[in-house]
Every structure is written in structure tokens, then in C-alpha cells.
file work-v2.txt (compact mmCIF, C-alpha atoms)
# COMPACT_ATOMS: atom_id res chain seq x y z
CA MET A 189 -153.06 -4.13 141.69
CA ALA A 190 -150.92 -6.21 139.37
CA ASN A 191 -151.93 -9.76 138.86
CA THR A 192 -149.61 -12.24 140.64
CA ARG A 193 -149.74 -14.61 137.71
CA GLU A 194 -148.61 -11.90 135.31
CA ILE A 195 -145.67 -11.00 137.51
CA LYS A 196 -144.71 -14.62 137.89
CA LEU A 197 -144.68 -15.04 134.12
CA ARG A 198 -142.56 -11.95 133.74
CA ILE A 199 -140.00 -13.24 136.28
CA LYS A 200 -139.77 -16.47 134.37
CA GLY A 201 -139.20 -14.59 131.12
CA VAL A 202 -136.46 -12.39 132.56
CA ASN A 203 -134.74 -15.41 134.06
CA GLU A 204 -134.72 -17.09 130.69
CA THR A 205 -133.17 -14.05 129.03
CA LYS A 206 -130.60 -13.97 131.79
CA LYS A 207 -129.59 -17.52 130.97
CA ILE A 208 -129.03 -16.56 127.35
CA THR A 209 -126.99 -13.46 128.12
CA LYS A 210 -124.91 -15.40 130.58
CA ALA A 211 -124.19 -18.11 128.03
CA MET A 212 -123.28 -15.53 125.40
CA LYS A 213 -120.89 -13.92 127.83
CA LEU A 214 -119.15 -17.21 128.51
CA ILE A 215 -118.90 -18.05 124.82
CA SER A 216 -117.35 -14.68 124.06
CA ALA A 217 -114.87 -15.09 126.88
CA VAL A 218 -113.70 -18.43 125.50
CA LYS A 219 -113.47 -17.17 121.91
CA LEU A 220 -111.51 -14.17 123.08
CA ARG A 221 -108.96 -16.29 124.87
CA LYS A 222 -108.54 -18.63 121.90
CA ALA A 223 -108.04 -15.77 119.45
CA ARG A 224 -105.40 -14.27 121.71
CA GLU A 225 -103.50 -17.54 121.93
CA MET A 226 -103.61 -17.99 118.18
CA HIS A 227 -102.34 -14.47 117.65
CA ASP A 228 -99.41 -15.01 119.99
CA ARG A 229 -98.42 -18.14 118.12
CA THR A 230 -98.48 -16.32 114.78
CA LEU A 231 -96.46 -13.32 115.87
CA PRO A 232 -92.94 -14.79 115.39
CA PHE A 233 -93.75 -15.66 111.78
CA PHE A 234 -94.76 -12.14 110.78
CA LYS A 235 -91.99 -10.50 112.81
CA HIS A 236 -89.56 -12.62 110.87
CA ILE A 237 -91.01 -11.50 107.56
CA GLN A 238 -90.80 -7.83 108.43
CA GLU A 239 -87.20 -8.19 109.59
CA THR A 240 -86.26 -9.91 106.36
CA MET A 241 -87.83 -7.12 104.32
CA VAL A 242 -85.75 -4.68 106.32
CA ASP A 243 -82.67 -6.73 105.49
CA ILE A 244 -83.40 -6.68 101.78
CA LEU A 245 -84.10 -2.96 101.60
CA LEU A 246 -80.92 -2.20 103.53
CA ARG A 247 -78.84 -4.05 100.99
CA VAL A 248 -80.73 -3.05 97.89
CA PRO A 249 -82.07 0.38 98.91
CA ASP A 250 -82.86 1.74 95.47
CA MET A 251 -84.88 -1.21 94.27
CA GLU A 252 -87.70 0.08 92.07
CA LEU A 253 -90.80 -1.79 93.07
CA ILE A 254 -94.43 -1.30 92.24
CA TYR A 255 -95.27 -1.70 95.91
CA PHE A 256 -93.68 1.64 96.75
CA ASP A 257 -95.27 3.53 93.89
CA LYS A 258 -97.47 6.23 95.41
CA ARG A 259 -99.00 7.25 92.04
CA GLU A 260 -99.32 10.81 93.25
CA ASN A 261 -99.79 12.26 89.80
CA LYS A 262 -102.54 9.92 88.74
CA LYS A 263 -105.95 11.45 88.17
CA ASP A 264 -108.83 10.38 90.39
CA ARG A 265 -106.83 8.01 92.52
CA LYS A 266 -108.91 5.24 93.98
CA LYS A 267 -108.56 4.86 97.70
CA ALA A 268 -109.86 1.60 99.07
CA TYR A 269 -110.70 0.60 102.60
CA ILE A 270 -111.15 -2.78 104.17
CA VAL A 271 -113.53 -2.27 107.09
CA LEU A 272 -113.90 -4.92 109.76
CA SER A 273 -117.10 -5.21 111.77
CA SER A 274 -119.06 -8.05 113.25
CA ASP A 275 -121.73 -10.20 111.62
CA SER A 276 -124.19 -10.05 114.47
CA GLY A 277 -125.29 -7.40 116.90
CA LEU A 278 -125.44 -7.38 120.69
CA THR A 279 -121.94 -6.01 120.93
CA GLY A 280 -122.53 -2.77 122.79
CA GLY A 281 -120.91 0.17 121.00
CA TYR A 282 -118.52 -1.89 118.92
CA ASN A 283 -120.27 -1.66 115.57
CA THR A 284 -121.47 1.92 116.01
CA ASN A 285 -117.97 3.14 116.76
CA ILE A 286 -116.32 1.45 113.82
CA THR A 287 -119.08 2.63 111.47
CA LYS A 288 -118.74 6.23 112.62
CA PHE A 289 -114.99 6.06 112.21
CA ALA A 290 -115.27 4.53 108.74
CA VAL A 291 -117.75 7.19 107.61
CA GLU A 292 -115.30 9.92 108.63
CA LYS A 293 -112.46 8.21 106.76
CA VAL A 294 -114.03 7.14 103.52
CA ASP A 295 -114.43 9.58 100.69
CA LYS A 296 -117.87 8.83 99.28
CA GLU A 297 -116.97 9.95 95.75
CA ASN A 298 -113.68 8.20 95.10
CA GLY A 299 -113.44 5.70 97.91
CA ILE A 300 -114.08 2.00 97.60
CA VAL A 301 -115.19 -0.02 100.58
CA PHE A 302 -114.46 -3.69 101.05
CA PRO A 303 -116.70 -4.62 103.97
CA ILE A 304 -116.07 -7.60 106.19
CA GLY A 305 -119.00 -8.35 108.50
CA ASN A 306 -122.70 -7.88 107.82
CA THR A 307 -123.22 -4.81 109.97
CA ILE A 308 -120.85 -2.57 108.07
CA LYS A 309 -121.81 -4.07 104.72
CA ASN A 310 -125.49 -3.30 105.23
CA TYR A 311 -124.77 0.20 106.47
CA MET A 312 -122.52 1.04 103.52
CA LEU A 313 -124.99 -0.39 101.00
CA ARG A 314 -127.86 1.53 102.57
CA ASN A 315 -125.95 4.77 102.37
CA GLU A 316 -124.90 4.21 98.79
CA TYR A 317 -121.18 3.95 99.23
CA ASN A 318 -119.13 2.32 96.53
CA VAL A 319 -119.12 -1.15 98.02
CA GLN A 320 -117.16 -4.00 96.49
CA GLU A 321 -117.20 -7.50 97.80
CA ILE A 322 -114.13 -9.53 98.49
CA GLU A 323 -114.37 -12.73 96.51
CA ASP A 324 -114.86 -16.11 98.16
CA LEU A 325 -115.63 -14.71 101.55
CA GLU A 326 -118.76 -16.68 102.36
CA GLU A 327 -117.09 -18.34 105.27
CA TYR A 328 -115.18 -15.65 107.03
CA SER A 329 -113.17 -16.59 110.06
CA VAL A 330 -110.03 -15.26 111.65
CA ASP A 331 -107.57 -17.45 109.84
CA THR A 332 -104.16 -16.93 108.26
CA LYS A 333 -105.31 -18.60 105.07
CA ILE A 334 -108.23 -16.20 104.66
CA ALA A 335 -105.98 -13.25 105.44
CA GLY A 336 -103.63 -14.55 102.73
CA ASP A 337 -106.49 -14.85 100.22
CA ILE A 338 -107.65 -11.31 100.87
CA ALA A 339 -104.10 -10.00 100.67
CA SER A 340 -103.43 -11.62 97.29
CA GLN A 341 -106.71 -10.28 95.89
CA MET A 342 -105.81 -6.78 97.06
CA ILE A 343 -102.27 -6.96 95.69
CA LYS A 344 -103.63 -8.10 92.35
CA MET A 345 -106.02 -5.13 92.24
CA PHE A 346 -103.22 -2.80 93.23
CA LYS A 347 -101.03 -4.11 90.43
CA GLU A 348 -103.87 -3.74 87.93
CA GLU A 349 -104.31 -0.14 89.18
CA LYS A 350 -107.92 -0.79 90.13
CA ILE A 351 -106.99 0.60 93.51
CA ASP A 352 -104.15 3.01 94.25
CA GLU A 353 -104.18 3.02 97.99
CA LEU A 354 -105.42 0.58 100.58
CA GLU A 355 -106.21 1.09 104.22
CA LEU A 356 -107.42 -1.33 106.85
CA VAL A 357 -110.01 0.00 109.29
CA TYR A 358 -110.33 -2.10 112.42
CA THR A 359 -110.89 -1.87 116.16
CA GLU A 360 -108.01 -2.12 118.53
CA MET A 361 -108.18 -2.97 122.20
CA GLU A 362 -105.96 -0.29 123.66
CA SER A 363 -106.46 -1.28 127.26
CA ALA A 364 -108.82 -3.52 129.17
CA MET A 365 -111.52 -0.85 129.06
CA HIS A 366 -110.80 0.94 125.83
CA LEU A 367 -111.81 -0.14 122.34
CA VAL A 368 -110.59 2.33 119.74
CA PRO A 369 -111.19 2.30 115.98
CA HIS A 370 -107.94 2.49 114.04
CA SER A 371 -106.78 2.59 110.47
CA ILE A 372 -103.54 1.34 109.04
CA LYS A 373 -102.09 1.75 105.58
CA LEU A 374 -101.44 -1.48 103.70
CA LEU A 375 -100.54 -0.29 100.19
CA PRO A 376 -98.41 1.31 98.84
CA LEU A 377 -95.69 0.34 101.28
CA GLU A 378 -93.87 3.12 103.09
CA ARG A 379 -90.11 2.97 102.90
CA LYS A 380 -89.68 4.45 106.34
CA GLU A 381 -91.51 1.49 107.84
CA PHE A 382 -88.52 -0.59 106.91
CA GLU A 383 -85.72 1.69 107.99
CA ARG A 384 -83.60 0.57 110.89
CA LYS A 385 -80.57 2.50 112.11
CA GLU A 386 -79.10 -0.03 114.47
CA LYS A 387 -78.80 -2.78 111.87
CA ASN A 388 -75.35 -3.46 110.47
CA ILE A 389 -75.05 -4.19 106.79
CA ASN A 390 -71.48 -5.42 106.85
CA GLN A 391 -72.61 -8.93 106.24
CA GLU A 392 -72.98 -9.96 102.63
CA LEU A 393 -76.23 -11.48 101.53
CA GLU A 394 -77.02 -13.13 98.24
CA PHE A 395 -80.45 -13.56 96.72
CA GLU A 396 -81.78 -16.48 94.80
CA PRO A 397 -83.22 -16.00 92.19
CA SER A 398 -83.16 -12.19 92.69
CA PRO A 399 -83.92 -9.63 95.41
CA GLU A 400 -87.07 -8.58 93.52
CA VAL A 401 -88.52 -12.06 93.45
CA VAL A 402 -87.78 -12.67 97.11
CA PHE A 403 -89.27 -9.30 98.00
CA ASP A 404 -92.36 -10.12 96.00
CA VAL A 405 -92.91 -13.30 97.99
CA LEU A 406 -92.38 -11.36 101.18
CA THR A 407 -94.75 -8.50 100.38
CA SER A 408 -97.84 -10.63 100.08
CA LYS A 409 -96.97 -12.41 103.31
CA TYR A 410 -96.25 -9.10 105.00
CA ILE A 411 -99.59 -7.61 104.01
CA SER A 412 -101.48 -10.72 104.96
CA GLY A 413 -99.64 -10.52 108.28
CA ILE A 414 -100.88 -7.00 109.02
CA LEU A 415 -104.32 -7.98 107.82
CA TYR A 416 -104.36 -10.99 110.09
CA GLY A 417 -103.23 -8.85 113.02
CA GLY A 418 -106.11 -6.44 112.36
CA MET A 419 -108.55 -9.30 112.04
CA VAL A 420 -107.49 -10.73 115.37
CA GLU A 421 -107.65 -7.31 117.07
CA SER A 422 -111.14 -6.74 115.72
CA PHE A 423 -112.28 -10.19 116.71
CA VAL A 424 -110.91 -9.76 120.21
CA SER A 425 -112.54 -6.32 120.46
CA GLU A 426 -115.87 -7.66 119.22
CA HIS A 427 -115.94 -10.41 121.78
CA PHE A 428 -114.70 -8.16 124.50
CA ALA A 429 -117.47 -5.68 123.72
CA ARG A 430 -120.02 -8.49 123.63
CA MET A 431 -118.71 -9.91 126.86
CA ASN A 432 -119.16 -6.56 128.58
CA ALA A 433 -122.57 -5.93 127.06
CA MET A 434 -123.78 -9.36 128.07
CA ASP A 435 -122.28 -8.97 131.52
CA SER A 436 -124.25 -5.79 132.19
CA ALA A 437 -127.33 -7.38 130.63
CA THR A 438 -127.02 -10.25 133.11
CA THR A 439 -126.62 -7.83 136.02
CA ASN A 440 -129.63 -5.85 134.86
CA ALA A 441 -131.67 -9.01 134.55
CA GLU A 442 -130.74 -9.89 138.12
CA LYS A 443 -131.83 -6.47 139.34
CA MET A 444 -135.07 -6.78 137.45
CA VAL A 445 -135.81 -10.20 138.90
CA ASN A 446 -135.21 -8.84 142.40
CA LYS A 447 -137.57 -5.96 141.82
CA LEU A 448 -140.20 -8.20 140.26
CA THR A 449 -139.94 -10.69 143.11
CA LEU A 450 -140.58 -7.86 145.56
CA ASN A 451 -143.61 -6.77 143.55
CA TYR A 452 -144.80 -10.33 143.36
CA ASN A 453 -144.58 -10.77 147.12
CA ARG A 454 -146.41 -7.52 147.68
CA ALA A 455 -149.16 -8.50 145.30
CA ARG A 456 -149.39 -11.92 146.93
CA GLN A 457 -149.64 -10.37 150.40
CA ALA A 458 -152.18 -7.83 149.24
CA ALA A 459 -154.29 -10.62 147.83
CA ILE A 460 -154.11 -12.57 151.10
CA THR A 461 -154.94 -9.49 153.17
CA GLN A 462 -157.87 -8.81 150.94
CA GLU A 463 -159.12 -12.35 151.23
CA ILE A 464 -158.82 -12.26 155.03
CA SER A 465 -160.62 -8.97 155.32
CA GLU A 466 -163.32 -10.30 153.02
CA ILE A 467 -163.73 -13.40 155.19
CA ILE A 468 -163.78 -11.31 158.38
CA GLY A 469 -166.22 -8.89 156.78
CA GLY A 470 -168.37 -11.80 155.69
CA ALA A 471 -168.19 -13.42 159.15
CA ALA A 472 -169.21 -10.15 160.85
CA ASN A 473 -172.25 -9.95 158.68
CA VAL A 474 -173.48 -13.39 159.65
CA MET B 3 -69.54 -36.29 112.07
CA ALA B 4 -70.47 -33.30 110.02
CA LYS B 5 -70.60 -29.84 111.47
CA THR B 6 -74.08 -28.78 112.54
CA TYR B 7 -75.98 -25.49 112.56
CA LYS B 8 -79.24 -24.23 114.02
CA PHE B 9 -82.24 -24.68 111.75
CA GLU B 10 -85.76 -23.42 112.31
CA VAL B 11 -88.98 -23.80 110.32
CA VAL B 12 -91.45 -21.02 111.13
CA THR B 13 -95.08 -21.17 110.02
CA PRO B 14 -98.02 -18.94 111.01
CA SER B 15 -99.57 -21.57 113.23
CA ARG B 16 -96.46 -22.72 115.06
CA ILE B 17 -92.69 -23.02 115.10
CA PHE B 18 -92.62 -26.28 113.21
CA TYR B 19 -89.04 -27.35 113.77
CA SER B 20 -86.09 -26.07 115.75
CA ASP B 21 -82.92 -28.09 116.21
CA ASP B 22 -79.29 -28.53 115.19
CA VAL B 23 -78.96 -30.12 111.77
CA GLU B 24 -76.19 -31.25 109.42
CA LEU B 25 -77.91 -30.76 106.11
CA ILE B 26 -81.19 -29.54 104.66
CA VAL B 27 -82.38 -29.97 101.07
CA PHE B 28 -85.34 -28.11 99.60
CA GLU B 29 -86.78 -27.36 96.16
CA THR B 30 -86.54 -24.11 94.21
CA ASP B 31 -87.62 -23.26 90.67
CA ARG B 32 -84.07 -24.02 89.54
CA GLY B 33 -83.88 -27.40 91.20
CA GLN B 34 -82.92 -28.73 94.57
CA VAL B 35 -80.71 -26.77 96.92
CA GLY B 36 -78.78 -28.28 99.79
CA VAL B 37 -77.41 -26.28 102.68
CA MET B 38 -74.64 -27.44 105.01
CA ALA B 39 -72.90 -25.55 107.79
CA ASP B 40 -70.90 -22.39 106.91
CA HIS B 41 -72.95 -21.63 103.84
CA VAL B 42 -72.72 -18.14 102.30
CA PRO B 43 -75.49 -15.91 103.73
CA MET B 44 -78.35 -16.05 101.29
CA LEU B 45 -82.06 -15.49 100.86
CA ILE B 46 -83.75 -18.05 98.67
CA ALA B 47 -87.35 -18.20 97.52
CA ASN B 48 -88.31 -21.85 97.67
CA GLN B 49 -90.95 -23.83 95.81
CA MET B 50 -93.56 -26.03 97.32
CA GLY B 51 -92.21 -29.53 97.81
CA THR B 52 -90.16 -31.80 99.99
CA LEU B 53 -87.85 -30.56 102.69
CA LYS B 54 -85.20 -33.00 103.79
CA ILE B 55 -83.69 -32.50 107.21
CA LYS B 56 -80.62 -34.51 108.20
CA THR B 57 -79.45 -34.40 111.80
CA ALA B 58 -76.68 -36.41 113.47
CA LYS B 59 -79.24 -39.00 114.50
CA GLU B 60 -81.77 -39.26 111.69
CA THR B 61 -83.10 -38.03 108.38
CA LYS B 62 -86.62 -36.61 108.22
CA TYR B 63 -88.84 -35.45 105.40
CA ALA B 64 -91.51 -32.79 105.48
CA PHE B 65 -93.83 -31.13 103.01
CA ILE B 66 -93.53 -27.34 102.84
CA THR B 67 -95.36 -24.73 100.77
CA GLU B 68 -93.65 -21.82 99.04
CA GLY B 69 -91.89 -19.25 101.17
CA PHE B 70 -88.28 -18.40 101.65
CA ILE B 71 -85.15 -19.75 103.29
CA GLU B 72 -82.91 -17.30 105.06
CA ILE B 73 -79.33 -18.40 105.54
CA SER B 74 -77.38 -16.25 107.95
CA SER B 75 -73.89 -16.86 109.30
CA ASP B 76 -74.98 -18.67 112.45
CA LYS B 77 -78.36 -20.16 111.59
CA VAL B 78 -80.90 -20.97 108.91
CA ASP B 79 -84.60 -20.16 108.98
CA ALA B 80 -87.31 -21.44 106.70
CA VAL B 81 -90.38 -19.20 106.66
CA VAL B 82 -93.33 -20.92 104.96
CA ASP B 83 -97.12 -20.89 105.14
CA LEU B 84 -97.54 -24.55 105.88
CA ALA B 85 -95.37 -27.47 106.93
CA GLU B 86 -96.27 -31.11 107.54
CA TRP B 87 -94.16 -34.12 108.48
CA CYS B 88 -94.28 -36.83 105.86
CA ASP B 89 -96.03 -39.23 108.24
CA GLU B 90 -98.64 -36.57 109.07
CA ILE B 91 -99.75 -36.29 105.46
CA ASP B 92 -103.15 -37.74 104.71
CA VAL B 93 -102.33 -39.45 101.42
CA GLU B 94 -105.87 -40.68 100.80
CA ASN B 95 -107.15 -37.15 101.20
CA ALA B 96 -104.47 -35.77 98.88
CA LYS B 97 -105.33 -38.39 96.25
CA PHE B 98 -109.00 -37.58 96.59
CA THR B 99 -108.38 -33.83 96.26
CA LYS B 100 -106.27 -34.50 93.19
CA LYS B 101 -108.96 -36.66 91.62
CA THR B 102 -111.77 -34.16 92.18
CA ALA B 103 -109.59 -31.31 90.94
CA GLU B 104 -108.72 -33.25 87.78
CA GLU B 105 -112.37 -34.03 87.16
CA ALA B 106 -113.32 -30.40 87.57
CA LEU B 107 -110.48 -29.39 85.28
CA SER B 108 -111.72 -31.57 82.44
CA ASN B 109 -115.17 -30.04 82.80
CA PRO B 110 -115.52 -27.49 79.95
CA LYS B 111 -117.70 -25.21 82.08
CA THR B 112 -114.87 -24.39 84.49
CA ASP B 113 -113.66 -20.83 83.93
CA LYS B 114 -110.09 -19.65 83.60
CA SER B 115 -109.36 -18.41 87.10
CA MET B 116 -110.88 -21.56 88.52
CA LYS B 117 -108.60 -23.67 86.33
CA LEU B 118 -105.55 -21.90 87.69
CA GLU B 119 -106.62 -22.73 91.18
CA LEU B 120 -107.36 -26.34 90.30
CA ARG B 121 -103.93 -26.77 88.72
CA ALA B 122 -102.35 -25.37 91.88
CA SER B 123 -104.42 -27.80 93.91
CA ILE B 124 -103.25 -30.76 91.80
CA GLU B 125 -99.67 -29.56 92.11
CA ARG B 126 -100.07 -29.36 95.88
CA SER B 127 -101.53 -32.86 96.10
CA ASN B 128 -98.74 -34.24 93.92
CA ALA B 129 -96.07 -32.68 96.12
CA ARG B 130 -97.79 -34.09 99.20
CA ILE B 131 -98.03 -37.59 97.78
CA ARG B 132 -94.39 -37.44 96.67
CA THR B 133 -93.27 -36.37 100.14
CA ALA B 134 -95.33 -39.04 101.84
CA GLY B 135 -93.63 -41.63 99.62
CA MET B 136 -90.21 -40.59 100.99
CA MET B 137 -90.98 -42.17 104.31
CA ARG B 138 -91.18 -45.70 102.96
CA ARG B 139 -87.80 -45.68 101.31
call {"tool": "encode", "arguments": {"input": "work-v2.txt", "output": "C-alpha cells"}}
result
Amino acid sequence: MANTREIKLRIKGVNETKKITKAMKLISAVKLRKAREMHDRTLPFFKHIQETMVDILLRVPDMELIYFDKRENKKDRKKAYIVLSSDSGLTGGYNTNITKFAVEKVDKENGIVFPIGNTIKNYMLRNEYNVQEIEDLEEYSVDTKIAGDIASQMIKMFKEEKIDELELVYTEMESAMHLVPHSIKLLPLERKEFERKEKNINQELEFEPSPEVVFDVLTSKYISGILYGGMVESFVSEHFARMNAMDSATTNAEKMVNKLTLNYNRARQAAITQEISEIIGGAANV
Amino acid sequence: MAKTYKFEVVTPSRIFYSDDVELIVFETDRGQVGVMADHVPMLIANQMGTLKIKTAKETKYAFITEGFIEISSDKVDAVVDLAEWCDEIDVENAKFTKKTAEEALSNPKTDKSMKLELRASIERSNARIRTAGMMRR
């Protein structure tokens, strides 16, 4: 028969864990909401940038720009991936899914991985992928400035031909129940992304100092915009996954406490019954 | 009264300004550019610096970072990374940033890429301080 004291201790322990999981769930819920709000506020800015790029390309369609250069004939092209995961665990399947997806995508020989988040970084290092760190990323947070920093680093590397292609691997929340790993191409830019049929080009537009310079300014903002979008999606997914995981952990803890309480009561009763029968037995012997 | 047009300043964190204005003046690498109503449609890459907004009622100054100004036939949009009203600028902080950056710049140990960043930081602080000074005029 289990000791009542042991069971009591166990119940206390489970209750304490429950408090933690519950708190984590609440924190994730708040963070999720904040990230969503921030994302909604940023959207008009990046929409505007994309539309302007469309405008430029419509008027100057044959502009030769390095950003569109696919470098198809180059030998051993370097394909780079930015992979977004979380720093800490306890996120259900979130990290496992993104890692699996990244492993399928990345070519171990010629691929370069820029990891964001400890989980994916450690995995990639352990499995001897070609991992490169993004500079000045000690304090990562979902922030337009950080997205801008990463974007300018990547564009610089692209211009120096250290990388020839760049993809962003992140998790998207497709519906309330569905977190799906996704990848999106950042560089080189695809012309068809900027083609619009319904736009009229009757209106004249002048560029100061030149279309190339304006487009240059736009490109880095455009890429940082996509990057930021991916960062927000991943962040939202991470916290959604954590929220769910912690929610079921809390429910499980409740179930466990119920079961343990039942056991405790049984043990208590058994002890009392035993005591009574001992007393009665003792009394009969007198 | 001068003719007005719709002017909007869009930044990543918010829509900074949206109203009918008479005139805006901003800085480019070829000097200041002013835009009044019925301007030729144009896309201009602007430099970091002061943005002057004149409406029928008042004249306001703001600090904006580099981005671009899109002038279409019916409205004008400024798309920049950061915008601050001149009275929102923390001048003490800007001066402090400038001082520390200048000190670090004179340090021989600072490497090249760091220097570039420090110069940009000084430039930014200067533009901020300049813009904040506009208010008192």
C-alpha cells in the first residue's frame, strides 16, 4: 500500500508544475496577440513598397539589375537558407517540424544555413551542416530593425556572390489548428512577382535621381519586409504551439491530481480501517 | 490660400501622418526638394533629415530616415523607416550618442566596418539635433 505522505508530496509537486504550465500558456497567449497587432500595423508599409516596385518595373521593364540575376551558368552555386526556429523548447511539435522540413530542403554539400533560434542552430551544427552565423544577432527579437539588419547583410553577400540564392524557411499558421513549415524565395527576385495586368501605365512617372537608385532603396526594404513577415509568422506559430502544448499539459496535470487524490483517499481509508481492525483485534484479545 | 493635397507618411510601426497639406520640403542628396499641389508624378529617394510639413493652419517639422517619396497625381506618400516629430526628439540622448560615437571613432582599435556604422550614427544624431532646433525658431 502506497504511503499517504508520498502521495501527498506527489500531489503537491504536480500542482506546482501545473502552475508553471498555466503561466506559460498565459504568457504565450499575450505574446501571440501582441505580435499579431504589430504585424497588422506594419502591413501597409510593406504593401506600399511592393506596389511601388511594381510601378517602377512597369515603366522601366528592361532594367538590368543584379537582383534579378539568376546566375544559372555559375559553377557550384551557393544556395543559402535562413531557418527560423525557437530558442527554447516546450513548444510541442513546432521545432521538430521545422527541422524536418529544413533537412529536406537544404543540400548538405552546397547549401549554407543561417540559423535563427538555438534549436535549429544546435541541430545543424551537430549534423555538420555548413552553418554560418548572422552577425550581431545576440539579441534577436521580432523587430523591423533586426529584419532590416539581416536583409542588408544578405543583400551584401548576394552582391559579393558569396551566396547566389536565398530562401527563408519559416512556420506559417495556416488555420487555427494547422502549423505548416514553409519556404519562400528572397533572392534573386522573380520578375513575375511584380507583374500586374490591371495596372495602367498611362501616367508618366519621373525618378530622382534614377530608377535604379530608387529600386535599390526599395529592394532592401522589400526583402526586410518579407523577412519580417516570416519572423512574425514563426513567432506567432511558436507561441501558438507552446500555448497548445501548455494547455494540454495543464489538463493532464489536472487529471493526474484527480487520480492521485483518489489514491490518497483510498490509502488514507485503508490506513484507518487497518488501525480500527487492529484496535478491535487488540480489544478482543484483552 | 494655397491649394492642398493629401499627404501621408508611412513607417513600419505606424502611419505617422495623414492629412491635407499645402507644402512639404525634404532633403535629398542633391539638396532640398519642395512639393506643392499638382506636382509632376515622381519617385524620389530621400536622405535622412528634416521634413517640413506646411498645412493651412500650421507648419510642423519632423525627423525622417532615408526612404522614398512617391508623388502621384492626387496624393503624396513618404515611405520611411522611422519618423519623429521635432518635439518628440530626445536631444540629450542624441547628443550623448553622438559623443560616444565620436569617442569610439577616435579610438585606433575600432575596425573599418565599425567606423562606417559610427559615422552613420553621428550623422543620424546630427540630423536629429538639427531637426529639434527647428522647433524653437
call {"tool": "closest_residue", "arguments": {"input": "work-v2.txt", "among": "B:Ser108, B:Ser74, B:Ser127, B:Ser115", "to": "B:Ile91", "atoms": "only C-alpha atoms"}}
result
B:Ser127
call {"tool": "interface_residues", "arguments": {"input": "work-v2.txt", "of": "chain A", "to": "chain B", "cutoff": "10 Å", "atoms": "all atoms listed in the file", "output": "VMD selection string"}}
result
chain A and resid 226 to 234 236 to 237 240 243 to 244 331 to 333 336 391 to 399 401 to 406 409 413
call {"tool": "closest_residue", "arguments": {"input": "work-v2.txt", "among": "B:Met136, B:Ala64, B:Leu120, B:Ala129", "to": "B:Tyr19", "atoms": "only C-alpha atoms"}}
result
B:Ala64
call {"tool": "residues_near_point", "arguments": {"input": "work-v2.txt", "point": "(-116.3, 2.0, 100.4)", "cutoff": "12 Å", "atoms": "all atoms listed in the file", "output": "MDAnalysis selection string"}}
result
chainID A and resid 266:272 287 290:304 308:322 351 354:357
call {"tool": "residues_around", "arguments": {"input": "work-v2.txt", "residues": "stretch 440-453 of chain A", "least_positions_apart": "3", "cutoff": "7 Å", "atoms": "all atoms listed in the file", "output": "JSON, numbers by chain"}}
result
{"A": [192, 195, 196, 199, 202, 206, 436, 437, 456, 457]}
call {"tool": "closest_residue", "arguments": {"input": "work-v2.txt", "among": "A:Leu415, A:Ala455, A:Val248, A:Met365", "to": "A:Ser340", "atoms": "all atoms listed in the file"}}
result
A:Leu415
call {"tool": "closest_residue", "arguments": {"input": "work-v2.txt", "among": "B:Gln49, B:Ser20, B:Glu94, B:Glu119", "to": "B:Ala106", "atoms": "only C-alpha atoms"}}
result
B:Glu119
call {"tool": "atom_distance", "arguments": {"input": "work-v2.txt", "atom1": "atom CA of A:Tyr358", "atom2": "atom CA of A:Ile208"}}
result
28.0 Å
call {"tool": "residues_around", "arguments": {"input": "work-v2.txt", "residues": "B:Asp22", "least_positions_apart": "5", "cutoff": "8 Å", "atoms": "only C-alpha atoms", "output": "VMD selection string"}}
result
chain B and resid 6 to 9 57
call {"tool": "build_atoms", "arguments": {"input": "work-v2.txt", "residues": "stretch 364-377 of chain A", "atoms": "N, CA and C atoms", "output": "CSV table (one decimal), in the coordinates of the input"}}
result
chain,number,residue,atom,x,y,z
A,364,ALA,N,-107.7,-2.6,128.8
A,364,ALA,CA,-108.8,-3.5,129.2
A,364,ALA,C,-110.2,-2.8,129.0
A,365,MET,N,-110.2,-1.5,129.1
A,365,MET,CA,-111.5,-0.8,129.1
A,365,MET,C,-111.8,-0.1,127.8
A,366,HIS,N,-110.8,0.0,126.9
A,366,HIS,CA,-110.8,0.9,125.8
A,366,HIS,C,-110.7,0.3,124.5
A,367,LEU,N,-111.8,0.4,123.7
A,367,LEU,CA,-111.8,-0.1,122.3
A,367,LEU,C,-111.8,1.1,121.4
A,368,VAL,N,-110.7,1.2,120.6
A,368,VAL,CA,-110.6,2.3,119.7
A,368,VAL,C,-110.5,1.9,118.3
A,369,PRO,N,-111.3,2.6,117.4
A,369,PRO,CA,-111.2,2.3,116.0
A,369,PRO,C,-109.9,2.8,115.5
A,370,HIS,N,-109.2,2.1,114.6
A,370,HIS,CA,-107.9,2.5,114.0
A,370,HIS,C,-107.9,2.3,112.5
A,371,SER,N,-107.0,2.9,111.9
A,371,SER,CA,-106.8,2.6,110.5
A,371,SER,C,-105.3,2.5,110.2
A,372,ILE,N,-104.9,1.6,109.3
A,372,ILE,CA,-103.5,1.3,109.0
A,372,ILE,C,-103.4,1.2,107.5
A,373,LYS,N,-102.3,1.8,107.0
A,373,LYS,CA,-102.1,1.8,105.6
A,373,LYS,C,-101.4,0.4,105.2
A,374,LEU,N,-102.0,-0.2,104.2
A,374,LEU,CA,-101.4,-1.5,103.7
A,374,LEU,C,-100.6,-1.3,102.4
A,375,LEU,N,-101.2,-0.5,101.5
A,375,LEU,CA,-100.5,-0.3,100.2
A,375,LEU,C,-100.7,1.2,99.8
A,376,PRO,N,-99.8,1.8,99.1
A,376,PRO,CA,-98.4,1.3,98.8
A,376,PRO,C,-97.6,1.2,100.1
A,377,LEU,N,-96.5,0.5,100.1
A,377,LEU,CA,-95.7,0.3,101.3
A,377,LEU,C,-94.9,1.6,101.5
